>>> print(open('structure38.cif').read())   # mmCIF, C-alpha atoms and all ligand atoms
data_model
#
loop_
_atom_site.label_atom_id
_atom_site.label_comp_id
_atom_site.auth_asym_id
_atom_site.auth_seq_id
_atom_site.Cartn_x
_atom_site.Cartn_y
_atom_site.Cartn_z
CA MET A 966 12.52 -16.63 18.23
CA LEU A 967 15.46 -17.22 15.89
CA VAL A 968 17.42 -14.12 14.84
CA GLU A 969 19.25 -14.60 11.54
CA GLU A 970 22.08 -12.39 10.31
CA ASN A 971 22.66 -10.70 6.93
CA LYS A 972 19.44 -12.06 5.45
CA PRO A 973 18.75 -11.11 1.81
CA LEU A 974 15.55 -9.06 1.65
CA ALA A 975 14.93 -8.77 -2.09
CA PRO A 976 13.02 -12.11 -2.21
CA PHE A 977 10.58 -10.73 0.37
CA THR A 978 9.53 -7.88 -1.93
CA THR A 979 7.47 -7.73 -5.13
CA PHE A 980 10.08 -5.35 -6.61
CA GLY A 981 12.74 -8.03 -6.02
CA ILE A 982 15.20 -5.28 -5.05
CA GLY A 983 17.22 -4.44 -1.96
CA GLY A 984 20.21 -5.46 0.14
CA PRO A 985 20.25 -7.60 3.30
CA ALA A 986 18.87 -7.10 6.78
CA ARG A 987 21.61 -6.99 9.42
CA TRP A 988 19.24 -9.06 11.58
CA PHE A 989 16.04 -10.85 10.64
CA ALA A 990 13.37 -12.62 12.65
CA GLN A 991 9.96 -14.04 11.97
CA ALA A 992 6.97 -13.50 14.30
CA THR A 993 4.43 -16.31 14.31
CA SER A 994 2.77 -15.14 17.54
CA GLU A 995 2.06 -11.93 19.41
CA ASP A 996 4.65 -13.00 21.99
CA ASP A 997 7.26 -13.08 19.22
CA VAL A 998 6.35 -9.47 18.35
CA ALA A 999 6.88 -8.36 21.94
CA GLU A 1000 10.14 -10.33 22.13
CA ALA A 1001 11.47 -8.77 18.92
CA VAL A 1002 10.77 -5.26 20.20
CA ALA A 1003 12.58 -6.06 23.45
CA TRP A 1004 15.49 -7.56 21.47
CA ALA A 1005 15.83 -4.43 19.32
CA ARG A 1006 15.49 -2.12 22.32
CA GLY A 1007 18.06 -4.07 24.32
CA ARG A 1008 20.62 -3.63 21.53
CA SER A 1009 19.54 -0.10 20.49
CA VAL A 1010 18.98 -1.18 16.91
CA PRO A 1011 16.16 0.11 14.69
CA LEU A 1012 13.31 -2.26 13.88
CA PHE A 1013 11.40 -2.55 10.62
CA VAL A 1014 8.17 -4.49 10.30
CA LEU A 1015 7.86 -6.42 7.04
CA GLY A 1016 4.53 -7.69 5.81
CA GLY A 1017 3.95 -8.81 2.23
CA GLY A 1018 6.70 -6.56 0.80
CA SER A 1019 4.36 -5.37 -1.96
CA ASN A 1020 4.54 -1.66 -1.19
CA LEU A 1021 8.20 -1.44 -0.36
CA LEU A 1022 11.45 -0.33 -1.95
CA ILE A 1023 14.55 -1.38 -0.01
CA ALA A 1024 17.91 0.37 -0.48
CA ASP A 1025 20.72 -1.51 -2.21
CA ALA A 1026 22.75 -1.38 1.02
CA GLY A 1027 19.92 -3.09 2.88
CA PHE A 1028 18.85 -2.22 6.41
CA ALA A 1029 21.22 -1.98 9.37
CA GLY A 1030 18.66 -3.07 11.94
CA LEU A 1031 16.26 -5.89 12.77
CA VAL A 1032 13.64 -6.77 10.17
CA LEU A 1033 10.66 -8.47 11.77
CA HIS A 1034 8.68 -10.51 9.28
CA ILE A 1035 5.07 -10.75 10.39
CA ALA A 1036 3.92 -14.34 9.90
CA LEU A 1037 0.97 -14.45 12.30
CA ARG A 1038 -1.78 -16.60 10.81
CA GLY A 1039 -5.40 -17.42 11.54
CA ILE A 1040 -8.90 -16.14 10.76
CA SER A 1041 -11.93 -16.44 13.04
CA VAL A 1042 -15.46 -15.31 12.25
CA ALA A 1043 -18.19 -14.05 14.59
CA GLN A 1044 -21.66 -13.98 13.04
CA GLN A 1045 -24.04 -11.12 13.76
CA PRO A 1046 -27.61 -10.84 12.38
CA ASP A 1047 -26.62 -9.05 9.11
CA ALA A 1048 -22.90 -8.96 9.40
CA ALA A 1049 -19.84 -11.06 10.03
CA ILE A 1050 -16.77 -9.90 11.93
CA TYR A 1051 -13.63 -11.50 10.54
CA SER A 1052 -10.69 -11.33 12.95
CA VAL A 1053 -7.71 -11.75 10.69
CA ALA A 1054 -4.10 -12.20 11.81
CA ALA A 1055 -1.75 -9.66 10.26
CA GLY A 1056 0.30 -12.19 8.28
CA GLU A 1057 -2.65 -13.65 6.36
CA ASN A 1058 -2.51 -13.17 2.59
CA TRP A 1059 -4.88 -10.34 1.66
CA ASP A 1060 -6.26 -11.75 -1.60
CA SER A 1061 -6.96 -15.17 -0.06
CA PHE A 1062 -8.90 -13.41 2.70
CA VAL A 1063 -10.90 -11.44 0.10
CA GLN A 1064 -11.70 -14.67 -1.73
CA ARG A 1065 -12.91 -16.26 1.50
CA THR A 1066 -15.27 -13.32 2.19
CA VAL A 1067 -16.81 -13.42 -1.28
CA ASP A 1068 -17.19 -17.22 -1.03
CA ASP A 1069 -19.05 -16.56 2.26
CA ASN A 1070 -21.24 -13.99 0.43
CA CYS A 1071 -20.01 -11.15 2.64
CA ALA A 1072 -19.70 -7.72 1.02
CA GLY A 1073 -17.23 -4.94 1.77
CA VAL A 1074 -13.84 -5.84 0.29
CA GLU A 1075 -14.77 -7.51 -3.04
CA CYS A 1076 -13.30 -4.62 -5.08
CA LEU A 1077 -9.99 -5.03 -3.28
CA ALA A 1078 -9.37 -8.46 -4.80
CA GLY A 1079 -5.99 -9.10 -6.38
CA ILE A 1080 -4.09 -6.60 -4.25
CA PRO A 1081 -0.80 -8.18 -3.22
CA GLY A 1082 0.42 -8.21 0.37
CA THR A 1083 -0.79 -9.15 3.79
CA VAL A 1084 -3.75 -8.11 5.94
CA GLY A 1085 -1.59 -6.27 8.50
CA GLY A 1086 -0.51 -3.70 5.93
CA THR A 1087 -4.01 -2.79 4.84
CA PRO A 1088 -4.96 -0.32 7.61
CA VAL A 1089 -1.52 1.31 7.59
CA GLN A 1090 -1.93 2.92 4.18
CA ASN A 1091 -5.73 2.58 4.01
CA VAL A 1092 -5.53 0.35 0.96
CA GLY A 1093 -8.02 1.28 -1.71
CA ALA A 1094 -8.96 0.40 -5.28
CA TYR A 1095 -11.94 0.21 -7.64
CA GLY A 1096 -14.28 2.21 -5.45
CA GLN A 1097 -13.54 0.74 -2.02
CA GLU A 1098 -11.11 1.53 0.78
CA VAL A 1099 -10.43 -0.71 3.77
CA ALA A 1100 -11.37 2.22 6.05
CA SER A 1101 -15.05 1.58 5.41
CA ALA A 1102 -14.88 -2.15 6.24
CA ILE A 1103 -12.46 -2.16 9.19
CA HIS A 1104 -14.08 -2.69 12.58
CA CYS A 1105 -10.93 -2.42 14.70
CA VAL A 1106 -7.18 -2.83 14.57
CA ARG A 1107 -5.12 -4.64 17.21
CA ALA A 1108 -1.51 -3.55 17.52
CA PHE A 1109 1.53 -3.71 19.80
CA ASP A 1110 2.48 -0.35 21.24
CA THR A 1111 6.28 -0.31 21.09
CA VAL A 1112 6.54 2.39 23.76
CA THR A 1113 4.29 0.96 26.48
CA GLU A 1114 4.97 -2.61 25.27
CA ARG A 1115 1.28 -3.46 25.53
CA PHE A 1116 -1.32 -4.55 23.01
CA VAL A 1117 -3.96 -1.95 22.16
CA GLU A 1118 -7.09 -1.91 20.00
CA PHE A 1119 -8.26 1.01 17.86
CA ALA A 1120 -11.82 1.36 16.60
CA ALA A 1121 -11.91 2.35 12.91
CA ALA A 1122 -12.98 5.89 13.86
CA ASP A 1123 -9.75 6.28 15.85
CA CYS A 1124 -7.44 5.15 13.04
CA GLY A 1125 -7.28 8.56 11.32
CA PHE A 1126 -8.09 7.14 7.89
CA ASP A 1127 -7.75 9.32 4.78
CA TYR A 1128 -6.51 8.75 1.21
CA ARG A 1129 -3.58 6.28 1.62
CA ARG A 1130 -3.17 7.53 5.18
CA SER A 1131 -3.87 6.49 8.74
CA ARG A 1132 -2.43 7.32 12.16
CA PHE A 1133 -0.09 4.37 11.58
CA ASN A 1134 1.77 6.07 8.71
CA THR A 1135 1.40 9.70 9.84
CA THR A 1136 1.16 10.94 13.44
CA ASP A 1137 2.00 7.56 14.99
CA ARG A 1138 4.35 6.36 12.28
CA GLY A 1139 6.57 3.61 13.62
CA LEU A 1140 4.90 3.40 17.03
CA TYR A 1141 2.60 0.43 16.50
CA ILE A 1142 2.96 -3.04 15.05
CA VAL A 1143 -0.36 -4.28 13.68
CA THR A 1144 -1.03 -7.88 14.69
CA ARG A 1145 -4.71 -8.34 13.81
CA VAL A 1146 -7.39 -6.54 11.84
CA ASP A 1147 -11.11 -7.09 12.42
CA TYR A 1148 -13.24 -6.58 9.32
CA ARG A 1149 -17.00 -6.04 9.60
CA LEU A 1150 -18.63 -7.25 6.38
CA THR A 1151 -22.26 -7.27 5.27
CA LEU A 1152 -23.78 -10.71 4.92
CA GLY A 1153 -25.61 -10.92 1.57
CA GLY A 1154 -24.68 -7.30 0.73
CA ALA A 1155 -24.59 -6.12 -2.88
CA PRO A 1156 -21.22 -5.56 -4.57
CA THR A 1157 -19.90 -1.99 -4.81
CA LEU A 1158 -20.05 -0.92 -8.45
CA ARG A 1159 -18.77 2.64 -8.16
CA TYR A 1160 -15.75 2.50 -10.42
CA VAL A 1161 -16.23 3.13 -14.12
CA ASP A 1162 -14.30 0.01 -15.21
CA LEU A 1163 -16.66 -2.10 -13.08
CA GLN A 1164 -19.84 -0.27 -14.14
CA ARG A 1165 -18.87 -1.05 -17.71
CA ALA A 1166 -18.45 -4.75 -16.89
CA PHE A 1167 -21.64 -4.94 -14.80
CA PRO A 1168 -24.62 -2.76 -15.78
CA ALA A 1169 -26.75 -1.69 -12.77
CA ASP A 1170 -29.36 -4.44 -13.17
CA SER A 1171 -26.91 -7.26 -13.91
CA GLY A 1172 -27.30 -8.92 -10.49
CA ALA A 1173 -23.56 -9.49 -10.32
CA THR A 1174 -22.35 -11.61 -7.41
CA LEU A 1175 -19.55 -10.62 -5.07
CA ALA A 1176 -17.40 -13.43 -6.47
CA GLU A 1177 -17.96 -12.23 -10.06
CA VAL A 1178 -16.98 -8.69 -9.13
CA ALA A 1179 -13.85 -9.87 -7.31
CA GLU A 1180 -12.87 -11.93 -10.37
CA ALA A 1181 -13.54 -8.96 -12.70
CA VAL A 1182 -11.31 -6.76 -10.51
CA ARG A 1183 -8.51 -9.31 -10.77
CA ARG A 1184 -8.91 -9.36 -14.57
CA ILE A 1185 -8.83 -5.55 -14.77
CA ARG A 1186 -5.80 -5.44 -12.48
CA GLN A 1187 -4.08 -7.98 -14.73
CA THR A 1188 -4.65 -5.86 -17.85
CA LYS A 1189 -2.91 -3.03 -15.98
CA GLY A 1190 -0.04 -5.24 -14.80
CA MET A 1191 -1.24 -4.78 -11.21
CA LEU A 1192 -1.81 -8.47 -10.46
CA LEU A 1193 1.04 -10.70 -9.34
CA VAL A 1194 1.42 -13.25 -12.11
CA GLU A 1195 4.43 -15.56 -12.34
CA GLY A 1196 6.63 -14.54 -15.29
CA ASP A 1197 4.94 -11.15 -15.85
CA ALA A 1198 7.75 -8.54 -15.87
CA ASP A 1199 5.30 -5.70 -15.24
CA CYS A 1200 4.41 -6.93 -11.80
CA HIS A 1201 7.94 -6.65 -10.39
CA SER A 1202 6.83 -3.36 -8.93
CA ALA A 1203 5.27 -1.84 -5.83
CA GLY A 1204 1.97 -1.02 -7.53
CA SER A 1205 1.46 2.72 -7.94
CA PHE A 1206 4.78 4.45 -7.27
CA PHE A 1207 3.16 7.87 -6.78
CA LYS A 1208 0.02 9.06 -5.04
CA ASN A 1209 -2.61 10.86 -7.07
CA PRO A 1210 -2.30 14.56 -6.20
CA VAL A 1211 -5.32 16.19 -4.57
CA VAL A 1212 -5.56 19.69 -6.03
CA THR A 1213 -7.70 22.84 -5.99
CA GLU A 1214 -9.86 23.95 -8.94
CA GLU A 1215 -7.31 26.72 -9.46
CA GLN A 1216 -4.55 24.12 -9.90
CA VAL A 1217 -6.76 22.15 -12.31
CA LYS A 1218 -7.00 25.28 -14.49
CA HIS A 1219 -3.23 25.65 -14.40
CA ILE A 1220 -2.78 21.97 -15.36
CA ALA A 1221 -5.25 22.32 -18.23
CA LEU A 1222 -3.39 25.37 -19.53
CA ALA A 1223 0.00 23.66 -19.30
CA ALA A 1224 -1.25 20.48 -21.00
CA ALA A 1225 -3.50 22.32 -23.48
CA LYS A 1226 -6.27 19.88 -22.53
CA GLU A 1227 -8.54 19.14 -19.59
CA PRO A 1228 -7.11 16.60 -17.13
CA PRO A 1229 -9.27 13.69 -15.98
CA ARG A 1230 -10.37 14.19 -12.37
CA PHE A 1231 -11.92 12.11 -9.62
CA PRO A 1232 -13.56 12.89 -6.26
CA ALA A 1233 -10.95 13.72 -3.65
CA GLY A 1234 -12.57 11.94 -0.72
CA SER A 1235 -14.71 13.08 2.14
CA GLY A 1236 -12.30 14.59 4.71
CA PRO A 1237 -12.71 18.33 5.46
CA ALA A 1238 -9.24 19.00 4.04
CA ASN A 1239 -10.54 17.74 0.68
CA ALA A 1240 -13.40 20.24 0.39
CA GLY A 1241 -13.36 21.92 -3.02
CA ARG A 1242 -10.56 19.67 -4.21
CA VAL A 1243 -10.28 16.92 -6.80
CA LYS A 1244 -7.85 14.08 -7.43
CA VAL A 1245 -5.95 14.23 -10.72
CA PRO A 1246 -4.41 10.93 -11.87
CA ALA A 1247 -0.65 10.98 -11.46
CA ALA A 1248 -0.50 8.50 -14.38
CA TRP A 1249 -2.01 11.12 -16.70
CA LEU A 1250 0.34 13.88 -15.45
CA ILE A 1251 3.33 11.58 -16.00
CA ASP A 1252 2.17 10.73 -19.53
CA GLN A 1253 1.74 14.42 -20.30
CA ALA A 1254 5.18 15.19 -18.89
CA GLY A 1255 6.68 12.92 -21.54
CA PHE A 1256 7.08 9.56 -19.82
CA ALA A 1257 5.19 6.84 -21.65
CA LYS A 1258 4.36 3.26 -20.72
CA GLY A 1259 7.36 1.00 -21.34
CA PHE A 1260 9.93 3.82 -20.89
CA THR A 1261 13.18 2.38 -19.56
CA ASN A 1262 16.12 3.85 -17.75
CA GLY A 1263 18.72 1.11 -17.49
CA ARG A 1264 17.14 -1.87 -15.81
CA ALA A 1265 14.34 0.16 -14.24
CA GLY A 1266 11.34 1.14 -16.27
CA ILE A 1267 7.73 2.22 -16.38
CA SER A 1268 5.29 -0.67 -16.64
CA THR A 1269 4.25 -1.39 -20.22
CA ARG A 1270 0.62 -1.36 -19.02
CA HIS A 1271 0.33 1.46 -16.49
CA THR A 1272 2.29 4.68 -16.26
CA LEU A 1273 2.06 4.81 -12.47
CA ALA A 1274 3.98 1.60 -11.79
CA LEU A 1275 7.77 1.60 -11.86
CA THR A 1276 9.17 -1.84 -12.53
CA ASN A 1277 12.31 -3.86 -12.09
CA ARG A 1278 12.97 -5.15 -15.58
CA GLY A 1279 15.63 -7.57 -14.35
CA GLU A 1280 18.38 -6.98 -11.79
CA ALA A 1281 17.53 -3.29 -11.40
CA THR A 1282 18.97 -1.55 -8.35
CA ALA A 1283 17.04 0.61 -5.92
CA ALA A 1284 19.25 3.52 -7.05
CA GLU A 1285 18.08 3.03 -10.64
CA VAL A 1286 14.43 2.95 -9.61
CA LEU A 1287 14.84 6.12 -7.57
CA ALA A 1288 16.74 7.89 -10.33
CA LEU A 1289 13.82 7.16 -12.66
CA ALA A 1290 11.32 8.26 -9.99
CA ASN A 1291 13.24 11.51 -9.56
CA ASP A 1292 13.33 12.17 -13.31
CA ILE A 1293 9.57 11.64 -13.47
CA ALA A 1294 8.80 13.78 -10.42
CA ASN A 1295 11.06 16.57 -11.70
CA ALA A 1296 9.42 16.50 -15.15
CA VAL A 1297 5.92 16.68 -13.61
CA GLU A 1298 7.00 19.53 -11.35
CA ALA A 1299 8.58 21.44 -14.24
CA ARG A 1300 5.50 21.01 -16.41
CA PHE A 1301 2.68 21.41 -13.89
CA GLY A 1302 4.22 22.84 -10.71
CA LEU A 1303 3.03 19.82 -8.75
CA CYS A 1304 5.15 17.75 -6.36
CA LEU A 1305 4.39 14.05 -6.70
CA GLU A 1306 4.61 12.10 -3.46
CA HIS A 1307 5.96 8.59 -3.55
CA GLU A 1308 3.51 5.94 -2.40
CA PRO A 1309 5.57 2.88 -1.39
CA VAL A 1310 7.53 2.73 1.85
CA LEU A 1311 11.25 3.41 1.32
CA LEU A 1312 13.57 1.50 3.65
CA GLY A 1313 17.25 1.97 4.40
CA PHE A 1314 17.76 5.18 2.42
CA LYS A 1315 19.47 8.16 4.00
CA SER A 1316 16.95 10.83 4.91
CA GLY A 1317 16.72 13.59 2.33
CA SER A 1318 19.13 11.98 -0.11
CA VAL A 1319 16.91 10.19 -2.55
CA SER A 1320 13.32 11.33 -2.41
CA PRO A 1321 11.47 11.72 -5.69
CA GLY A 1322 10.72 15.40 -6.10
CA GLY A 1323 13.52 16.30 -3.71
CA ARG A 1324 11.62 15.91 -0.44
CA ALA A 1325 13.07 14.20 2.60
CA VAL A 1326 12.58 10.47 2.80
CA ALA A 1327 10.58 9.48 5.85
CA GLU A 1328 12.07 7.08 8.33
CA ASP A 1329 10.01 3.94 8.20
CA GLU A 1330 11.59 1.93 10.96
CA GLN A 1331 10.02 1.76 14.40
CA LYS A 1332 11.14 4.47 16.81
CA ILE A 1333 12.23 2.29 19.67
CA ALA A 1334 13.99 4.33 22.28
CA PRO A 1335 16.32 2.50 24.64
CA ARG A 1336 15.03 2.37 28.22
N1 LIG B 1401 -4.14 6.91 -16.71
C1 LIG B 1401 -3.25 7.35 -17.65
N2 LIG B 1401 -2.28 6.49 -18.07
C2 LIG B 1401 -2.16 5.23 -17.58
C3 LIG B 1401 -3.08 4.78 -16.63
C4 LIG B 1401 -4.04 5.63 -16.18
O1 LIG B 1401 -3.32 8.49 -18.11
O2 LIG B 1401 -1.23 4.52 -17.99
C5 LIG B 1401 -5.16 7.85 -16.21
C6 LIG B 1401 -6.51 7.66 -16.88
O3 LIG B 1401 -7.09 8.92 -17.03
C7 LIG B 1401 -7.27 6.85 -15.87
C8 LIG B 1401 -6.73 7.39 -14.58
O4 LIG B 1401 -5.35 7.64 -14.84
O5 LIG B 1401 -8.64 7.06 -15.97
C9 LIG B 1401 -6.88 6.48 -13.38
O6 LIG B 1401 -6.21 5.25 -13.66
P1 LIG B 1401 -6.55 3.92 -12.84
O7 LIG B 1401 -7.99 3.68 -12.88
O8 LIG B 1401 -5.68 2.81 -13.33
O9 LIG B 1401 -6.20 4.29 -11.34
P2 LIG B 1401 -4.98 5.08 -10.67
O10 LIG B 1401 -5.51 6.36 -10.14
O11 LIG B 1401 -3.78 5.14 -11.52
C10 LIG B 1401 -5.48 4.13 -8.30
C11 LIG B 1401 -4.71 3.52 -7.17
C12 LIG B 1401 -4.44 2.05 -7.45
C13 LIG B 1401 -5.74 1.34 -7.67
C14 LIG B 1401 -6.47 2.00 -8.84
C15 LIG B 1401 -7.85 1.41 -9.10
C16 LIG B 1401 -3.37 5.25 -6.14
C17 LIG B 1401 -2.02 5.86 -5.99
N3 LIG B 1401 -3.45 4.22 -6.99
O12 LIG B 1401 -4.64 4.12 -9.43
O13 LIG B 1401 -3.82 1.50 -6.30
O14 LIG B 1401 -5.54 -0.03 -7.93
O15 LIG B 1401 -6.67 3.41 -8.53
O16 LIG B 1401 -8.74 1.80 -8.13
O17 LIG B 1401 -4.32 5.68 -5.49
C18 LIG B 1401 -1.65 1.27 -5.36
O18 LIG B 1401 -1.99 2.13 -4.53
O19 LIG B 1401 -0.51 0.72 -5.34
C19 LIG B 1401 -2.58 0.92 -6.40
C20 LIG B 1401 -2.28 0.06 -7.36
#
>>> encode(input="structure38.cif", output="structure tokens")
Amino acid sequence: MLVEENKPLAPFTTFGIGGPARWFAQATSEDDVAEAVAWARGRSVPLFVLGGGSNLLIADAGFAGLVLHIALRGISVAQQPDAAIYSVAAGENWDSFVQRTVDDNCAGVECLAGIPGTVGGTPVQNVGAYGQEVASAIHCVRAFDTVTERFVEFAAADCGFDYRRSRFNTTDRGLYIVTRVDYRLTLGGAPTLRYVDLQRAFPADSGATLAEVAEAVRRIRQTKGMLLVEGDADCHSAGSFFKNPVVTEEQVKHIALAAAKEPPRFPAGSGPANAGRVKVPAAWLIDQAGFAKGFTNGRAGISTRHTLALTNRGEATAAEVLALANDIANAVEARFGLCLEHEPVLLGFKSGSVSPGGRAVAEDEQKIAPR
């Protein structure tokens, strides 16, 4: 495994922002993953695992540790009577995998077409869009335990999935490196048409195919600037910069009073913590707080097509993006009393110094204690 020094990281991210990695290595096998962990432990340097870089904002100063780029490839399929289990290496491109499943007429991830990034990142933040979440299609996750230095497998039920959450980005943050995800998909299953944009495109009796739904999702994503398209300034982003807040009915009333109109709301999800709660779109709250699509602050801006995406409009710095994020979070808090949480991973920032809304920035590198 080759370890490079002072490697520019911006080209590895969809934002196109961020300083260099002090050290950088690429893992093309599970052995490489184990070797990289041992390398970092031996030198007492922090390790960060880089996948597709599509949900990541890297500090202008870069990262003073080892960045391990996950480049494991390969997909194998095991057929069952009504299902297919796809064992997908973490470095596979997510959208290409989705396309393969719809070509194979396997249902379960068709609404997640067009999402940038790699397969390994999908369980970490329980990727979701257009009425599906990976949590409901994942069979198991294989990962390297950086403490015991062994490979482990988690059944979906043991992954702690919730809205944009899993054990991998909460309780066990930084402990595991995902190397493979097994997806269990339904052979010949019908597409999921739960999301209003899709119901509009495909009436209930339309007999839409999985491939048609996946294509429609890509088209919708493109209208919102959420599809990676060469030359499209709006997609130099990390997708949604904020999570949609999950609030009580009481808070909804307060929001309605403050905005002098009813906010849109969506189901909050099934977990017990979500009982009696609804999700209010952060994009709507941001609009109401006075930040419109296309707003710019220096070289950082809000996408011209979706208020929730912050964009690099050309040579923006991470500091500029975070300053804009802070302005937005502060305006939403002042208007509605709600703290927006940032959604992308922030790497290389000093804890507590830069978080939108004033909260401490989580450490996203692996916690590798020296032996
Ligand atoms: N809205 C606005 N202004 C806008 C855009 C949206 O007010 O500029 C309001 C509208 O009321 C709209 C509502 O927000 O009905 C929801 O908008 P949208 O359907 O675009 O979805 P979202 O809640 O903003 C979430 C995910 C996206 C995912 C879409 C589609 C989060 C944080 N974001 O966005 O995921 O693609 O739903 O399912 O959950 C991501 O996580 O990076 C991401 C792109």
>>> closest_residue(input="structure38.cif", among="A:Arg1270, A:Arg1145, A:Lys972, A:His1034", to="Ile1185 of chain A", atoms="all atoms listed in the file")
A:Arg1270
>>> closest_residue(input="structure38.cif", among="A:Thr1213, A:Thr1144, A:Ser1205, A:Thr1151", to="ligand LIG 1401 (chain B)", atoms="only C-alpha atoms and all ligand atoms")
A:Ser1205
>>> atom_distance(input="structure38.cif", atom1="atom CA of Ser1019 of chain A", atom2="atom CA of Ala1108 of chain A")
20.4 Å
>>> residues_near_ligand(input="structure38.cif", ligand="ligand LIG 1401 (chain B)", cutoff="8 Å", atoms="only C-alpha atoms and all ligand atoms", output="compact mmCIF listing (two decimals) with C-alpha atoms, in the frame of the given file")
# COMPACT_ATOMS: atom_id res chain seq x y z
CA ASN A 1020 4.54 -1.66 -1.19
CA ILE A 1080 -4.09 -6.60 -4.25
CA VAL A 1092 -5.53 0.35 0.96
CA GLY A 1093 -8.02 1.28 -1.71
CA ALA A 1094 -8.96 0.40 -5.28
CA TYR A 1095 -11.94 0.21 -7.64
CA GLY A 1096 -14.28 2.21 -5.45
CA GLN A 1097 -13.54 0.74 -2.02
CA TYR A 1128 -6.51 8.75 1.21
CA ARG A 1129 -3.58 6.28 1.62
CA TYR A 1160 -15.75 2.50 -10.42
CA ASP A 1162 -14.30 0.01 -15.21
CA ARG A 1186 -5.80 -5.44 -12.48
CA LYS A 1189 -2.91 -3.03 -15.98
CA MET A 1191 -1.24 -4.78 -11.21
CA ALA A 1203 5.27 -1.84 -5.83
CA GLY A 1204 1.97 -1.02 -7.53
CA SER A 1205 1.46 2.72 -7.94
CA PHE A 1206 4.78 4.45 -7.27
CA PHE A 1207 3.16 7.87 -6.78
CA LYS A 1208 0.02 9.06 -5.04
CA ASN A 1209 -2.61 10.86 -7.07
CA PRO A 1228 -7.11 16.60 -17.13
CA PRO A 1229 -9.27 13.69 -15.98
CA ARG A 1230 -10.37 14.19 -12.37
CA VAL A 1245 -5.95 14.23 -10.72
CA PRO A 1246 -4.41 10.93 -11.87
CA ALA A 1247 -0.65 10.98 -11.46
CA ALA A 1248 -0.50 8.50 -14.38
CA TRP A 1249 -2.01 11.12 -16.70
CA LEU A 1250 0.34 13.88 -15.45
CA ILE A 1251 3.33 11.58 -16.00
CA ASP A 1252 2.17 10.73 -19.53
CA ALA A 1257 5.19 6.84 -21.65
CA LYS A 1258 4.36 3.26 -20.72
CA ARG A 1270 0.62 -1.36 -19.02
CA HIS A 1271 0.33 1.46 -16.49
CA THR A 1272 2.29 4.68 -16.26
CA LEU A 1273 2.06 4.81 -12.47
CA ALA A 1274 3.98 1.60 -11.79
CA GLU A 1308 3.51 5.94 -2.40
CA PRO A 1309 5.57 2.88 -1.39
>>> atom_distance(input="structure38.cif", atom1="atom CA of Asn1239 of chain A", atom2="atom CA of Cys1105 of chain A")
24.6 Å
>>> closest_residue(input="structure38.cif", among="A:Val1089, A:Glu1195, A:Ala1026, A:Arg1149", to="Ala975 of chain A", atoms="all atoms listed in the file")
A:Ala1026
>>> residues_around(input="structure38.cif", residues="Leu1150 of chain A", least_positions_apart="3", cutoff="6 Å", atoms="only C-alpha atoms", output="list in words")
Ala1048, Ala1049, Cys1071, Ala1072 and Gly1073 of chain A
>>> closest_residue(input="structure38.cif", among="A:Asn1277, A:Thr1113, A:Ser1101, A:Thr1087", to="Ala999 of chain A", atoms="all atoms listed in the file")
A:Thr1113
>>> atom_distance(input="structure38.cif", atom1="atom CA of Ala1100 of chain A", atom2="atom CA of Pro1046 of chain A")
21.8 Å
>>> closest_residue(input="structure38.cif", among="A:Gln1044, A:Thr978, A:Thr1174, A:Thr1282", to="Leu1021 of chain A", atoms="only C-alpha atoms")
A:Thr978
>>> residues_around(input="structure38.cif", residues="Val1182 of chain A", least_positions_apart="5", cutoff="8 Å", atoms="all atoms listed in the file", output="ChimeraX atom specification")
/A:1076-1079,1095,1163
>>> write_last_selection(input="structure38.cif", atoms="C-alpha atoms", output="mmCIF file, in the frame of the given file")
data_model
loop_
_atom_site.group_PDB
_atom_site.id
_atom_site.type_symbol
_atom_site.label_atom_id
_atom_site.label_comp_id
_atom_site.auth_asym_id
_atom_site.auth_seq_id
_atom_site.Cartn_x
_atom_site.Cartn_y
_atom_site.Cartn_z
ATOM 1 C CA CYS A 1076 -13.300 -4.620 -5.080
ATOM 2 C CA LEU A 1077 -9.990 -5.030 -3.280
ATOM 3 C CA ALA A 1078 -9.370 -8.460 -4.800
ATOM 4 C CA GLY A 1079 -5.990 -9.100 -6.380
ATOM 5 C CA TYR A 1095 -11.940 0.210 -7.640
ATOM 6 C CA LEU A 1163 -16.660 -2.100 -13.080
#
>>> residues_around(input="structure38.cif", residues="Gly981 of chain A", least_positions_apart="6", cutoff="9 Å", atoms="only C-alpha atoms", output="PyMOL selection string")
chain A and resi 974-975+1022+1201-1202+1277+1279-1281
>>> residues_around(input="structure38.cif", residues="segment 986-991 of chain A", least_positions_apart="3", cutoff="12 Å", atoms="only C-alpha atoms", output="PyMOL selection string")
chain A and resi 966-977+983+994-1002+1004-1005+1008+1010-1016+1023-1037+1056+1312-1313
